[in-house]
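For reference, the structure is listed below as C-alpha coordinates.
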Amino acid sequence: MGRTLAATDKRSTQLSSQCLSEFLGRLRRVDPHPAVLYLGALCGDNIAFMGERGCRVSVESLPLRPQQRPNAVDFGEGASAFDDLEEGSNGDGRRNPVHEDIPARLPSDVPVAPLNYPHESFSGVLAWDMISQMPFQEGIAFVETLRQLLLEGGVILAYFPGPPENPRGSTGRYRILDEDRLLIEPTEATRSISVYENREIYSLFSRFDVVRLSHQKSGTREVLVVKTSPSRKPRTGSRLRGL
(Lines give C-alpha, C1' and ligand atoms only; values in the text may rest on other atoms or scores of the structure.)
Protein backbone atom coordinates (compact mmCIF):
# COMPACT_ATOMS: atom_id res chain seq x y z
CA MET A 1 0.00 0.00 0.00
CA GLY A 2 1.36 3.41 -0.96
CA ARG A 3 2.12 6.18 1.46
CA THR A 4 0.11 9.41 1.46
CA LEU A 5 2.02 12.65 1.91
CA ALA A 6 0.24 15.55 3.61
CA ALA A 7 2.18 18.09 1.58
CA THR A 8 5.06 18.04 -0.87
CA ASP A 9 7.45 20.70 -2.11
CA LYS A 10 6.42 21.89 -5.58
CA ARG A 11 10.01 21.35 -6.67
CA SER A 12 9.77 17.63 -5.87
CA THR A 13 10.01 15.18 -8.76
CA GLN A 14 8.00 11.97 -8.88
CA LEU A 15 9.46 8.91 -10.60
CA SER A 16 7.74 5.78 -11.79
CA SER A 17 10.15 3.07 -10.65
CA GLN A 18 10.78 0.09 -12.92
CA CYS A 19 13.31 -1.48 -10.55
CA LEU A 20 12.30 -1.10 -6.89
CA SER A 21 9.80 -3.96 -6.87
CA GLU A 22 12.29 -6.32 -8.52
CA PHE A 23 15.01 -5.13 -6.12
CA LEU A 24 12.82 -6.15 -3.18
CA GLY A 25 11.98 -9.50 -4.75
CA ARG A 26 15.62 -10.34 -5.40
CA LEU A 27 16.54 -9.41 -1.82
CA ARG A 28 14.17 -12.10 -0.55
CA ARG A 29 15.78 -14.68 -2.84
CA VAL A 30 19.10 -14.09 -1.06
CA ASP A 31 17.71 -13.95 2.51
CA PRO A 32 14.14 -13.92 3.93
CA HIS A 33 15.30 -11.15 6.29
CA PRO A 34 17.88 -9.39 4.14
CA ALA A 35 20.48 -6.93 5.39
CA VAL A 36 20.38 -3.77 3.26
CA LEU A 37 22.96 -0.99 3.06
CA TYR A 38 21.25 2.39 2.64
CA LEU A 39 23.42 5.19 1.22
CA GLY A 40 22.74 8.91 1.15
CA ALA A 41 20.19 11.28 2.66
CA LEU A 42 18.15 9.52 5.33
CA CYS A 43 14.37 9.30 5.04
CA GLY A 44 12.57 7.73 8.01
CA ASP A 45 9.64 6.62 5.86
CA ASN A 46 12.01 4.58 3.71
CA ILE A 47 13.47 2.80 6.72
CA ALA A 48 9.94 1.96 7.89
CA PHE A 49 9.02 0.77 4.37
CA MET A 50 12.00 -1.57 4.26
CA GLY A 51 11.42 -2.77 7.82
CA GLU A 52 7.83 -3.69 7.01
CA ARG A 53 9.23 -6.00 4.33
CA GLY A 54 11.54 -7.79 6.72
CA CYS A 55 14.73 -5.89 5.91
CA ARG A 56 17.50 -5.02 8.37
CA VAL A 57 18.82 -1.63 7.30
CA SER A 58 22.24 -0.05 7.91
CA VAL A 59 22.50 3.64 6.97
CA GLU A 60 25.68 5.32 5.70
CA SER A 61 26.17 8.89 4.48
CA LEU A 62 29.75 9.15 3.26
CA PRO A 63 31.61 12.40 4.05
CA LEU A 64 32.47 14.48 1.01
CA ARG A 65 35.48 16.78 0.76
CA PRO A 66 34.45 19.76 -1.41
CA GLN A 67 37.64 21.62 -0.50
CA GLN A 68 39.64 18.86 -2.21
CA ARG A 69 37.34 18.29 -5.20
CA PRO A 70 33.70 19.33 -5.52
CA ASN A 71 32.46 15.75 -5.87
CA ALA A 72 35.22 13.66 -4.30
CA VAL A 73 34.38 10.97 -1.78
CA ASP A 74 36.55 10.77 1.33
CA PHE A 75 38.38 7.42 1.39
CA GLY A 76 40.22 8.39 4.58
CA GLU A 77 43.73 9.55 5.27
CA GLY A 78 46.90 7.79 4.24
CA ALA A 79 47.18 5.03 1.68
CA SER A 80 44.31 4.04 -0.58
CA ALA A 81 42.14 1.12 0.51
CA PHE A 82 43.18 -0.58 -2.74
CA ASP A 83 46.96 -0.03 -2.60
CA ASP A 84 47.93 -3.68 -2.12
CA LEU A 85 45.37 -5.20 -4.48
CA GLU A 86 45.96 -7.07 -7.68
CA GLU A 87 44.93 -4.71 -10.47
CA GLY A 88 43.21 -5.29 -13.78
CA SER A 89 41.95 -8.81 -13.13
CA ASN A 90 38.46 -10.20 -13.58
CA GLY A 91 39.11 -12.73 -10.82
CA ASP A 92 39.57 -15.59 -13.28
CA GLY A 93 43.04 -14.82 -14.58
CA ARG A 94 41.88 -12.58 -17.44
CA ARG A 95 42.73 -8.88 -17.65
CA ASN A 96 39.74 -6.57 -17.51
CA PRO A 97 39.33 -5.09 -21.00
CA VAL A 98 37.44 -1.98 -19.83
CA HIS A 99 39.15 -0.75 -16.67
CA GLU A 100 42.68 -1.82 -15.84
CA ASP A 101 42.41 -0.36 -12.32
CA ILE A 102 39.52 -2.42 -10.92
CA PRO A 103 40.88 -4.46 -8.00
CA ALA A 104 40.24 -8.19 -8.12
CA ARG A 105 39.79 -8.75 -4.41
CA LEU A 106 40.19 -7.33 -0.93
CA PRO A 107 41.65 -9.23 2.05
CA SER A 108 38.79 -11.28 3.50
CA ASP A 109 39.77 -10.79 7.13
CA VAL A 110 39.50 -6.98 7.27
CA PRO A 111 36.54 -4.60 6.92
CA VAL A 112 36.05 -3.11 3.47
CA ALA A 113 36.99 0.59 3.34
CA PRO A 114 35.61 3.22 3.20
CA LEU A 115 32.58 1.34 4.58
CA ASN A 116 33.53 -0.44 7.80
CA TYR A 117 31.71 -3.75 7.28
CA PRO A 118 33.02 -7.29 6.74
CA HIS A 119 32.87 -8.96 3.34
CA GLU A 120 29.49 -10.30 2.21
CA SER A 121 27.55 -8.40 4.89
CA PHE A 122 24.58 -7.40 2.74
CA SER A 123 21.95 -8.81 0.41
CA GLY A 124 21.41 -5.43 -1.23
CA VAL A 125 22.46 -1.80 -1.49
CA LEU A 126 20.11 1.15 -1.96
CA ALA A 127 22.68 3.52 -3.44
CA TRP A 128 20.19 6.18 -4.61
CA ASP A 129 22.35 8.84 -6.37
CA MET A 130 25.43 8.46 -4.15
CA ILE A 131 27.61 7.05 -6.95
CA SER A 132 26.76 9.98 -9.24
CA GLN A 133 28.32 12.32 -6.68
CA MET A 134 31.73 10.78 -7.43
CA PRO A 135 34.08 11.31 -10.36
CA PHE A 136 34.14 8.33 -12.69
CA GLN A 137 37.40 6.73 -11.48
CA GLU A 138 36.36 7.01 -7.82
CA GLY A 139 32.98 5.59 -8.78
CA ILE A 140 34.73 2.51 -10.19
CA ALA A 141 36.59 1.91 -6.92
CA PHE A 142 33.46 2.53 -4.83
CA VAL A 143 31.32 0.11 -6.87
CA GLU A 144 34.02 -2.53 -6.34
CA THR A 145 33.76 -1.82 -2.59
CA LEU A 146 30.02 -2.46 -2.77
CA ARG A 147 30.60 -5.68 -4.70
CA GLN A 148 32.87 -6.94 -1.93
CA LEU A 149 30.17 -6.19 0.65
CA LEU A 150 27.44 -8.09 -1.20
CA LEU A 151 26.53 -11.75 -0.90
CA GLU A 152 26.40 -13.72 -4.15
CA GLY A 153 23.11 -12.85 -5.81
CA GLY A 154 23.00 -9.52 -3.95
CA VAL A 155 21.64 -6.47 -5.75
CA ILE A 156 22.35 -2.74 -6.08
CA LEU A 157 19.72 -0.16 -7.00
CA ALA A 158 21.23 3.14 -8.14
CA TYR A 159 20.16 6.37 -9.85
CA PHE A 160 22.09 8.60 -12.24
CA PRO A 161 21.06 12.12 -13.32
CA GLY A 162 20.38 13.06 -16.89
CA PRO A 163 21.89 15.77 -19.09
CA PRO A 164 22.60 19.30 -17.83
CA GLU A 165 19.24 20.62 -19.06
CA ASN A 166 17.64 18.41 -16.38
CA PRO A 167 20.02 19.24 -13.49
CA ARG A 168 17.66 18.18 -10.71
CA GLY A 169 16.38 15.04 -12.36
CA SER A 170 18.13 12.83 -9.82
CA THR A 171 19.35 15.03 -6.97
CA GLY A 172 17.81 15.34 -3.54
CA ARG A 173 16.37 12.98 -0.96
CA TYR A 174 14.55 9.91 -2.22
CA ARG A 175 11.24 9.01 -0.59
CA ILE A 176 9.53 5.70 -1.39
CA LEU A 177 5.80 6.14 -2.00
CA ASP A 178 5.17 2.50 -2.90
CA GLU A 179 6.89 -0.29 -4.81
CA ASP A 180 6.59 1.51 -8.15
CA ARG A 181 6.69 5.21 -7.21
CA LEU A 182 9.40 7.44 -5.76
CA LEU A 183 9.55 11.11 -4.85
CA ILE A 184 12.78 13.09 -5.08
CA GLU A 185 12.60 15.93 -2.58
CA PRO A 186 14.94 18.95 -2.79
CA THR A 187 17.39 19.41 0.05
CA GLU A 188 19.24 22.48 1.30
CA ALA A 189 22.61 20.83 0.77
CA THR A 190 24.39 21.64 -2.49
CA ARG A 191 25.95 18.58 -4.10
CA SER A 192 28.07 18.19 -7.20
CA ILE A 193 26.71 15.56 -9.58
CA SER A 194 28.63 13.81 -12.34
CA VAL A 195 26.53 13.14 -15.44
CA TYR A 196 27.38 9.58 -16.50
CA GLU A 197 26.76 8.37 -20.02
CA ASN A 198 25.09 4.98 -20.42
CA ARG A 199 28.34 3.34 -21.56
CA GLU A 200 30.02 4.62 -18.39
CA ILE A 201 27.26 3.19 -16.22
CA TYR A 202 27.73 -0.20 -17.89
CA SER A 203 31.48 0.13 -17.32
CA LEU A 204 30.97 0.91 -13.64
CA PHE A 205 29.04 -2.34 -13.26
CA SER A 206 31.19 -4.46 -15.59
CA ARG A 207 31.56 -7.15 -12.88
CA PHE A 208 27.78 -7.40 -12.33
CA ASP A 209 24.81 -8.56 -14.34
CA VAL A 210 22.86 -5.47 -15.42
CA VAL A 211 19.29 -6.64 -14.87
CA ARG A 212 17.66 -3.40 -15.97
CA LEU A 213 18.55 0.14 -16.99
CA SER A 214 15.49 2.37 -17.30
CA HIS A 215 15.27 5.93 -18.59
CA GLN A 216 12.97 8.43 -16.90
CA LYS A 217 11.47 11.43 -18.71
CA SER A 218 13.59 13.68 -16.48
CA GLY A 219 16.72 12.06 -17.85
CA THR A 220 17.37 10.02 -14.73
CA ARG A 221 18.65 6.48 -15.29
CA GLU A 222 17.46 3.82 -12.83
CA VAL A 223 19.83 0.85 -12.68
CA LEU A 224 19.44 -2.58 -11.08
CA VAL A 225 22.44 -4.92 -11.02
CA VAL A 226 23.15 -8.29 -9.40
CA LYS A 227 26.43 -9.75 -8.14
CA THR A 228 27.28 -12.88 -10.08
CA SER A 229 29.41 -15.89 -9.24
CA PRO A 230 33.12 -15.28 -9.97
CA SER A 231 33.07 -18.31 -12.27
CA ARG A 232 30.38 -16.85 -14.53
CA LYS A 233 30.92 -14.03 -17.02
CA PRO A 234 28.60 -11.07 -16.22
CA ARG A 235 25.86 -10.10 -18.65
CA THR A 236 25.20 -6.44 -19.45
CA GLY A 237 22.42 -4.64 -21.22
CA SER A 238 19.89 -7.44 -20.65
CA ARG A 239 17.03 -4.97 -20.44
CA LEU A 240 16.97 -1.34 -21.54
CA ARG A 241 13.73 0.55 -21.19
CA GLY A 242 12.66 4.14 -21.72
CA LEU A 243 9.70 5.82 -20.06
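Just so we're on the same page: first chain in the C-alpha coordinates is A, next is B, and so on; residues restart at 1 for each chain, and ligands are numbered from 1 in the order they show up.
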
Determine which residues of stretch 176-210 of chain A DSSP labels as alpha helix (DSSP H) from the backbone of this structure, then write them out as a list in words.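 Restricting stretch 176-210 of chain A to alpha helix (DSSP H) produces Asn198, Arg199, Glu200, Ile201, Tyr202, Ser203 and Leu204 of chain A.
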
Find the residues around A:Leu20 up to 10 Å (only C-alpha atoms counted), leave out those fewer than 6 positions away in its own chain, and share them as number ranges by chain. A: 26, 126, 157-158, 176, 178-182, 222-224

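Of the listed residues A:Asn46, A:Thr228, A:Gln18, A:Thr13, the one whose atoms come nearest to A:Leu213 is A:Gln18, with distances taken using only C-alpha atoms.
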
Please provide the set of residues having any atom within 8 Å of A:Ser61, restricted to only C-alpha atoms, with same-chain residues fewer than 3 positions apart removed, written as an NGL selection string. :A and (39-41)
